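File shown: input-v8.pdb (PDB, C-alpha atoms).
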ATOM      1  CA  MET P   1     -27.813  95.279 261.388
ATOM      2  CA  LYS P   2     -26.847  96.626 257.966
ATOM      3  CA  THR P   3     -23.634  98.096 259.428
ATOM      4  CA  ALA P   4     -22.690  94.748 260.972
ATOM      5  CA  ALA P   5     -23.236  92.988 257.633
ATOM      6  CA  THR P   6     -21.147  95.594 255.828
ATOM      7  CA  LEU P   7     -18.333  95.236 258.363
ATOM      8  CA  PHE P   8     -18.493  91.447 258.053
ATOM      9  CA  LEU P   9     -18.224  91.662 254.243
ATOM     10  CA  LEU P  10     -15.300  94.091 254.521
ATOM     11  CA  PHE P  11     -13.590  91.709 256.945
ATOM     12  CA  LEU P  12     -14.078  88.764 254.560
ATOM     13  CA  ASN P  13     -12.824  90.812 251.616
ATOM     14  CA  ALA P  14      -9.737  91.933 253.560
ATOM     15  CA  GLY P  15      -9.039  88.309 254.483
ATOM     16  CA  PHE P  16      -9.378  87.262 250.834
ATOM     17  CA  LEU P  17      -7.012  89.994 249.683
ATOM     18  CA  PHE P  18      -4.483  89.039 252.347
ATOM     19  CA  GLN P  19      -4.664  85.366 251.422
ATOM     20  CA  THR P  20      -4.362  85.891 247.681
ATOM     21  CA  GLY P  21      -1.238  88.016 248.122
ATOM     22  CA  ALA P  22       0.525  85.413 250.233
ATOM     23  CA  GLN P  23       3.176  82.985 249.101
ATOM     24  CA  MET P  24       1.716  79.956 247.345
ATOM     25  CA  PRO P  25       1.981  76.570 249.081
ATOM     26  CA  GLU P  26       4.560  74.263 247.486
ATOM     27  CA  ASP P  27       1.852  71.789 246.509
ATOM     28  CA  SER P  28      -0.337  74.418 244.783
ATOM     29  CA  GLU P  29      -0.951  74.232 241.042
ATOM     30  CA  LEU P  30       0.643  77.653 240.408
ATOM     31  CA  TYR P  31       3.759  76.870 242.462
ATOM     32  CA  LEU P  32       4.282  73.517 240.727
ATOM     33  CA  LEU P  33       3.653  75.022 237.280
ATOM     34  CA  LEU P  34       6.187  77.831 237.750
ATOM     35  CA  LYS P  35       8.716  75.500 239.380
ATOM     36  CA  SER P  36       8.431  73.350 236.261
ATOM     37  CA  LYS P  37       8.818  76.413 234.011
ATOM     38  CA  ASP P  38      11.891  77.480 236.014
ATOM     39  CA  SER P  39      13.474  74.044 235.454
ATOM     40  CA  LEU P  40      12.578  74.153 231.761
ATOM     41  CA  LEU P  41      14.059  77.635 231.376
ATOM     42  CA  PHE P  42      17.406  76.800 232.955
ATOM     43  CA  ASP P  43      17.606  73.383 231.292
ATOM     44  CA  ALA P  44      17.092  75.060 227.906
ATOM     45  CA  ALA P  45      19.681  77.752 228.689
ATOM     46  CA  PHE P  46      22.389  75.641 230.322
ATOM     47  CA  ASN P  47      21.941  72.003 229.321
ATOM     48  CA  THR P  48      20.179  71.584 225.992
ATOM     49  CA  CYS P  49      20.803  74.924 224.233
ATOM     50  CA  ASN P  50      17.155  74.915 223.223
ATOM     51  CA  ILE P  51      16.754  78.461 221.943
ATOM     52  CA  GLU P  52      13.233  77.766 220.613
ATOM     53  CA  THR P  53      12.069  76.917 224.145
ATOM     54  CA  LEU P  54      13.675  80.084 225.480
ATOM     55  CA  GLU P  55      11.933  82.153 222.790
ATOM     56  CA  GLU P  56       8.613  80.722 223.992
ATOM     57  CA  LEU P  57       9.368  81.404 227.665
ATOM     58  CA  PHE P  58      10.245  85.120 227.369
ATOM     59  CA  THR P  59       8.078  88.028 226.277
ATOM     60  CA  GLU P  60       9.359  90.085 223.342
ATOM     61  CA  ASP P  61       9.826  93.059 225.683
ATOM     62  CA  PHE P  62      11.722  90.932 228.225
ATOM     63  CA  GLU P  63      14.157  92.819 230.467
ATOM     64  CA  PHE P  64      17.062  91.307 232.394
ATOM     65  CA  TYR P  65      18.828  93.090 235.248
ATOM     66  CA  HIS P  66      22.084  91.658 236.597
ATOM     67  CA  ASP P  67      24.008  93.204 239.477
ATOM     68  CA  LYS P  68      27.369  92.434 237.858
ATOM     69  CA  GLY P  69      26.615  92.240 234.141
ATOM     70  CA  GLY P  70      24.241  95.162 233.675
ATOM     71  CA  ALA P  71      20.862  95.341 232.008
ATOM     72  CA  VAL P  72      19.603  93.846 228.756
ATOM     73  CA  SER P  73      16.436  95.044 227.068
ATOM     74  CA  GLY P  74      14.530  92.816 224.660
ATOM     75  CA  ARG P  75      14.269  89.060 224.207
ATOM     76  CA  GLU P  76      16.466  88.981 221.108
ATOM     77  CA  ALA P  77      19.246  91.008 222.758
ATOM     78  CA  PHE P  78      19.172  88.609 225.705
ATOM     79  CA  LEU P  79      19.133  85.451 223.573
ATOM     80  CA  ALA P  80      21.835  86.515 221.071
ATOM     81  CA  PRO P  81      24.839  85.567 223.266
ATOM     82  CA  LEU P  82      23.142  82.310 224.309
ATOM     83  CA  ARG P  83      22.480  81.486 220.669
ATOM     84  CA  LYS P  84      26.126  82.209 219.771
ATOM     85  CA  GLY P  85      27.410  80.067 222.648
ATOM     86  CA  CYS P  86      25.190  77.182 221.605
ATOM     87  CA  GLU P  87      26.378  77.410 217.993
ATOM     88  CA  THR P  88      30.037  77.107 219.034
ATOM     89  CA  ARG P  89      29.481  74.225 221.442
ATOM     90  CA  THR P  90      30.592  70.824 220.183
ATOM     91  CA  ALA P  91      28.076  67.982 220.377
ATOM     92  CA  GLY P  92      28.741  65.727 223.361
ATOM     93  CA  GLN P  93      30.902  68.368 225.010
ATOM     94  CA  PRO P  94      29.950  69.029 228.646
ATOM     95  CA  GLN P  95      28.106  72.266 229.269
ATOM     96  CA  PRO P  96      30.659  74.825 230.565
ATOM     97  CA  ALA P  97      28.297  75.984 233.311
ATOM     98  CA  LYS P  98      25.303  74.647 235.184
ATOM     99  CA  ARG P  99      22.750  76.090 237.527
ATOM    100  CA  ILE P 100      21.512  74.487 240.734
ATOM    101  CA  LEU P 101      18.361  75.739 242.468
ATOM    102  CA  LEU P 102      18.956  75.634 246.227
ATOM    103  CA  ALA P 103      16.526  73.372 248.058
ATOM    104  CA  ASP P 104      13.552  75.060 249.704
ATOM    105  CA  SER P 105      14.496  78.506 248.372
ATOM    106  CA  LEU P 106      11.817  78.831 245.683
ATOM    107  CA  LYS P 107       8.841  81.066 246.507
ATOM    108  CA  VAL P 108       5.885  82.023 244.326
ATOM    109  CA  TYR P 109       3.575  84.988 244.926
ATOM    110  CA  PRO P 110       0.472  85.383 242.741
ATOM    111  CA  LEU P 111      -0.436  88.709 241.149
ATOM    112  CA  TYR P 112      -4.116  89.584 240.844
ATOM    113  CA  ASN P 113      -6.022  92.358 239.150
ATOM    114  CA  GLN P 114      -9.526  92.666 240.598
ATOM    115  CA  GLY P 115      -9.524  89.004 241.561
ATOM    116  CA  SER P 116      -8.145  87.677 238.253
ATOM    117  CA  LEU P 117      -4.733  86.010 238.227
ATOM    118  CA  TYR P 118      -2.545  87.780 235.652
ATOM    119  CA  GLY P 119       0.963  86.943 236.795
ATOM    120  CA  ALA P 120       3.283  85.829 239.550
ATOM    121  CA  ILE P 121       6.534  86.741 241.212
ATOM    122  CA  GLN P 122       8.963  83.856 241.578
ATOM    123  CA  GLN P 123      11.967  84.212 243.855
ATOM    124  CA  GLY P 124      14.739  81.867 244.819
ATOM    125  CA  VAL P 125      18.405  81.282 245.381
ATOM    126  CA  HIS P 126      20.651  79.406 243.002
ATOM    127  CA  ARG P 127      24.290  78.652 242.555
ATOM    128  CA  PHE P 128      26.337  78.047 239.488
ATOM    129  CA  GLU P 129      29.105  75.596 238.729
ATOM    130  CA  PHE P 130      31.736  75.967 236.036
ATOM    131  CA  LEU P 131      34.103  73.531 234.386
ATOM    132  CA  ASN P 132      37.691  74.009 235.516
ATOM    133  CA  ARG P 133      40.811  73.088 233.517
ATOM    134  CA  GLU P 134      40.496  69.446 234.569
ATOM    135  CA  GLN P 135      36.926  69.414 233.168
ATOM    136  CA  ARG P 136      35.454  69.090 236.667
ATOM    137  CA  TYR P 137      32.646  71.289 237.884
ATOM    138  CA  GLN P 138      33.735  73.878 240.415
ATOM    139  CA  LYS P 139      31.243  75.749 242.573
ATOM    140  CA  GLY P 140      30.712  79.350 241.562
ATOM    141  CA  ASP P 141      28.624  82.231 242.835
ATOM    142  CA  ILE P 142      25.436  81.946 244.823
ATOM    143  CA  ALA P 143      22.816  84.515 243.848
ATOM    144  CA  ARG P 144      19.207  85.501 244.320
ATOM    145  CA  PHE P 145      16.794  85.748 241.425
ATOM    146  CA  THR P 146      13.343  87.154 240.822
ATOM    147  CA  HIS P 147      11.199  86.365 237.795
ATOM    148  CA  ILE P 148       8.031  88.198 236.955
ATOM    149  CA  TRP P 149       5.812  85.789 235.043
ATOM    150  CA  ILE P 150       2.880  87.086 233.020
ATOM    151  CA  LYS P 151      -0.087  84.934 232.063
ATOM    152  CA  THR P 152      -1.364  85.419 228.524
ATOM    153  CA  GLY P 153      -4.223  83.066 227.755
ATOM    154  CA  ASP P 154      -2.966  79.654 228.829
ATOM    155  CA  SER P 155       0.738  80.470 228.533
ATOM    156  CA  TRP P 156       3.147  81.861 231.103
ATOM    157  CA  LYS P 157       6.143  83.977 230.057
ATOM    158  CA  VAL P 158       8.921  85.774 231.904
ATOM    159  CA  LYS P 159       8.624  89.522 231.404
ATOM    160  CA  ARG P 160      11.311  90.680 233.852
ATOM    161  CA  GLU P 161      14.217  88.898 235.487
ATOM    162  CA  LEU P 162      16.481  90.121 238.269
ATOM    163  CA  SER P 163      19.734  88.356 239.143
ATOM    164  CA  PHE P 164      21.341  89.933 242.187
ATOM    165  CA  ASP P 165      23.252  89.549 245.449
ATOM    166  CA  HIS P 166      25.942  87.422 243.823
ATOM    167  CA  GLN P 167      28.213  86.080 246.526
ATOM    168  CA  PRO P 168      31.267  83.889 246.082
ATOM    169  CA  ASN P 169      31.029  80.375 247.428
ATOM    170  CA  GLU P 170      33.076  79.606 250.524
ATOM    171  CA  PRO P 171      36.699  78.772 249.595
ATOM    172  CA  SER P 172      36.445  75.447 251.459
ATOM    173  CA  ASN P 173      33.633  74.398 249.102
ATOM    174  CA  GLN P 174      35.421  74.876 245.782
ATOM    175  CA  SER P 175      35.149  71.306 244.509
ATOM    176  CA  SER P 176      31.976  69.522 243.548
ATOM    177  CA  SER P 177      31.141  65.898 242.996
ATOM    178  CA  ASN P 178      28.057  66.785 240.919
TER     179      ASN P 178
END
Could you quickly redo this structure as structure tokens?
Amino acid sequence: MKTAATLFLLFLNAGFLFQTGAQMPEDSELYLLLKSKDSLLFDAAFNTCNIETLEELFTEDFEFYHDKGGAVSGREAFLAPLRKGCETRTAGQPQPAKRILLADSLKVYPLYNQGSLYGAIQQGVHRFEFLNREQRYQKGDIARFTHIWIKTGDSWKVKRELSFDHQPNEPSNQSSSN
């Protein structure tokens, strides 16, 4: 009888471990929170030039890996070119680039340490648009991204970011009405 109970507990524990490692449902609190943080991050970087928000969203030891632009180590090294670009941008001028998260591409996977949530992996696909000479947005690359979010107290920060598999948009899709 004791062996059967032990096997049952092991089975339940294995099921729990399998479930907790699975992708989060889109209506889960963690998924919605990190989707919101993703929107905040890219809005601050591309639309509002809100460097203070970006400073809050990245760890000091943040690392960024880009398949075409190389690696950047440290939050300040990553934010310096963004800060410079924001300083030279004229008020009211359209943002030279924007980022669009592709529908249904966002996935969130929780990270646990002995049953305690300490972080999450967020993956998705996004595309970028750039202003052309006529000041119209033109579709740019489509790429995959992975963020590793770390929970510290009640706050969530990006510790690592991967931007990879950049592919050019189809030539027939070069204009955008967005």
Polymer residues at most 12 Å from range 142-145 of chain P, all atoms listed in the file, same-chain spacing of 4 or more positions, as a ChimeraX atom specification | /P:38,64-68,99-102,105-108,121-129,160-170,173
Would you export the selected residues with C-alpha atoms as an mmCIF file, in the frame of the given file, please?
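Result went into selection-v2.cif, see below:
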data_model
loop_
_atom_site.group_PDB
_atom_site.id
_atom_site.type_symbol
_atom_site.label_atom_id
_atom_site.label_comp_id
_atom_site.auth_asym_id
_atom_site.auth_seq_id
_atom_site.Cartn_x
_atom_site.Cartn_y
_atom_site.Cartn_z
ATOM 1 C CA ASP P 38 11.891 77.480 236.014
ATOM 2 C CA PHE P 64 17.062 91.307 232.394
ATOM 3 C CA TYR P 65 18.828 93.090 235.248
ATOM 4 C CA HIS P 66 22.084 91.658 236.597
ATOM 5 C CA ASP P 67 24.008 93.204 239.477
ATOM 6 C CA LYS P 68 27.369 92.434 237.858
ATOM 7 C CA ARG P 99 22.750 76.090 237.527
ATOM 8 C CA ILE P 100 21.512 74.487 240.734
ATOM 9 C CA LEU P 101 18.361 75.739 242.468
ATOM 10 C CA LEU P 102 18.956 75.634 246.227
ATOM 11 C CA SER P 105 14.496 78.506 248.372
ATOM 12 C CA LEU P 106 11.817 78.831 245.683
ATOM 13 C CA LYS P 107 8.841 81.066 246.507
ATOM 14 C CA VAL P 108 5.885 82.023 244.326
ATOM 15 C CA ILE P 121 6.534 86.741 241.212
ATOM 16 C CA GLN P 122 8.963 83.856 241.578
ATOM 17 C CA GLN P 123 11.967 84.212 243.855
ATOM 18 C CA GLY P 124 14.739 81.867 244.819
ATOM 19 C CA VAL P 125 18.405 81.282 245.381
ATOM 20 C CA HIS P 126 20.651 79.406 243.002
ATOM 21 C CA ARG P 127 24.290 78.652 242.555
ATOM 22 C CA PHE P 128 26.337 78.047 239.488
ATOM 23 C CA GLU P 129 29.105 75.596 238.729
ATOM 24 C CA ARG P 160 11.311 90.680 233.852
ATOM 25 C CA GLU P 161 14.217 88.898 235.487
ATOM 26 C CA LEU P 162 16.481 90.121 238.269
ATOM 27 C CA SER P 163 19.734 88.356 239.143
ATOM 28 C CA PHE P 164 21.341 89.933 242.187
ATOM 29 C CA ASP P 165 23.252 89.549 245.449
ATOM 30 C CA HIS P 166 25.942 87.422 243.823
ATOM 31 C CA GLN P 167 28.213 86.080 246.526
ATOM 32 C CA PRO P 168 31.267 83.889 246.082
ATOM 33 C CA ASN P 169 31.029 80.375 247.428
ATOM 34 C CA GLU P 170 33.076 79.606 250.524
ATOM 35 C CA ASN P 173 33.633 74.398 249.102
#
For the file shown, what are the residues hit by the PyMOL selection byres ((chain P and resi 43) around 12), laid out as a PyMOL selection string?
-> chain P and resi 36-42+44-51+53-54+95+97-101
Could you pull the residues within 10 Å of Arg75 in chain P, counting all atoms listed in the file, minus those fewer than 4 positions along the same chain, as a PyMOL selection string?
-> chain P and resi 54-55+57-64+79-80+158-159
With distances taken over only C-alpha atoms, which of P:Gly74, P:Lys84, P:Glu52, P:Ala120 is nearest to Met24 in chain P?
-> P:Ala120
Between CA of Gly140 in chain P and CA of Arg89 in chain P - distance in Å to one decimal |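 For CA of Arg89 in chain P relative to CA of Gly140 in chain P, the distance reads 20.8 Å.
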Starting from the displayed file, determine the output of the PyMOL selection byres ((chain P and resi 117) around 12) and express the residue list as a VMD selection string.
-> chain P and resid 20 to 21 30 109 to 116 118 to 121 149 to 154 156
Please return range 65-95 of chain P, rebuilt to N, CA and C atoms, as a compact mmCIF listing (two decimals), in the coordinates of the input.
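Result written to part-v2.txt:
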# COMPACT_ATOMS: atom_id res chain seq x y z
N TYR P 65 18.00 92.21 234.44
CA TYR P 65 18.83 93.09 235.25
C TYR P 65 19.76 92.23 236.08
N HIS P 66 21.06 92.45 235.92
CA HIS P 66 22.08 91.66 236.60
C HIS P 66 22.98 92.61 237.38
N ASP P 67 23.24 92.29 238.64
CA ASP P 67 24.01 93.20 239.48
C ASP P 67 25.48 93.28 239.10
N LYS P 68 25.97 92.38 238.28
CA LYS P 68 27.37 92.43 237.86
C LYS P 68 27.52 92.61 236.35
N GLY P 69 26.52 92.20 235.59
CA GLY P 69 26.62 92.24 234.14
C GLY P 69 25.78 93.31 233.47
N GLY P 70 25.04 94.09 234.25
CA GLY P 70 24.24 95.16 233.68
C GLY P 70 22.86 94.72 233.24
N ALA P 71 22.23 95.57 232.45
CA ALA P 71 20.86 95.34 232.01
C ALA P 71 20.83 95.00 230.53
N VAL P 72 19.84 94.19 230.16
CA VAL P 72 19.60 93.85 228.76
C VAL P 72 18.12 94.06 228.50
N SER P 73 17.81 94.74 227.41
CA SER P 73 16.44 95.04 227.07
C SER P 73 16.06 94.34 225.78
N GLY P 74 15.02 93.53 225.84
CA GLY P 74 14.53 92.82 224.66
C GLY P 74 14.95 91.36 224.64
N ARG P 75 14.01 90.51 224.27
CA ARG P 75 14.27 89.06 224.21
C ARG P 75 15.42 88.73 223.27
N GLU P 76 15.42 89.31 222.08
CA GLU P 76 16.47 88.98 221.11
C GLU P 76 17.85 89.39 221.59
N ALA P 77 17.95 90.56 222.23
CA ALA P 77 19.25 91.01 222.76
C ALA P 77 19.73 90.06 223.86
N PHE P 78 18.81 89.55 224.64
CA PHE P 78 19.17 88.61 225.70
C PHE P 78 19.58 87.25 225.14
N LEU P 79 18.87 86.78 224.12
CA LEU P 79 19.13 85.45 223.57
C LEU P 79 20.33 85.40 222.63
N ALA P 80 20.74 86.52 222.05
CA ALA P 80 21.84 86.52 221.07
C ALA P 80 23.11 85.86 221.61
N PRO P 81 23.62 86.23 222.79
CA PRO P 81 24.84 85.57 223.27
C PRO P 81 24.62 84.09 223.59
N LEU P 82 23.43 83.73 224.06
CA LEU P 82 23.14 82.31 224.31
C LEU P 82 23.15 81.53 223.00
N ARG P 83 22.53 82.12 221.99
CA ARG P 83 22.48 81.49 220.67
C ARG P 83 23.90 81.27 220.13
N LYS P 84 24.75 82.30 220.25
CA LYS P 84 26.13 82.21 219.77
C LYS P 84 26.90 81.13 220.53
N GLY P 85 26.74 81.08 221.85
CA GLY P 85 27.41 80.07 222.65
C GLY P 85 26.97 78.66 222.28
N CYS P 86 25.70 78.50 221.99
CA CYS P 86 25.19 77.18 221.60
C CYS P 86 25.72 76.77 220.24
N GLU P 87 25.87 77.72 219.32
CA GLU P 87 26.38 77.41 217.99
C GLU P 87 27.83 76.95 218.03
N THR P 88 28.62 77.46 218.97
CA THR P 88 30.04 77.11 219.03
C THR P 88 30.31 75.87 219.89
N ARG P 89 29.30 75.39 220.57
CA ARG P 89 29.48 74.22 221.44
C ARG P 89 29.48 72.95 220.62
N THR P 90 30.46 72.09 220.88
CA THR P 90 30.59 70.82 220.18
C THR P 90 29.63 69.80 220.77
N ALA P 91 29.00 69.02 219.92
CA ALA P 91 28.08 67.98 220.38
C ALA P 91 28.80 67.01 221.30
N GLY P 92 28.16 66.65 222.40
CA GLY P 92 28.74 65.73 223.36
C GLY P 92 29.67 66.39 224.37
N GLN P 93 30.03 67.63 224.10
CA GLN P 93 30.90 68.37 225.01
C GLN P 93 30.09 68.76 226.25
N PRO P 94 30.69 68.63 227.45
CA PRO P 94 29.95 69.03 228.65
C PRO P 94 29.64 70.52 228.62
N GLN P 95 28.50 70.86 229.17
CA GLN P 95 28.11 72.27 229.27
C GLN P 95 29.11 72.98 230.18
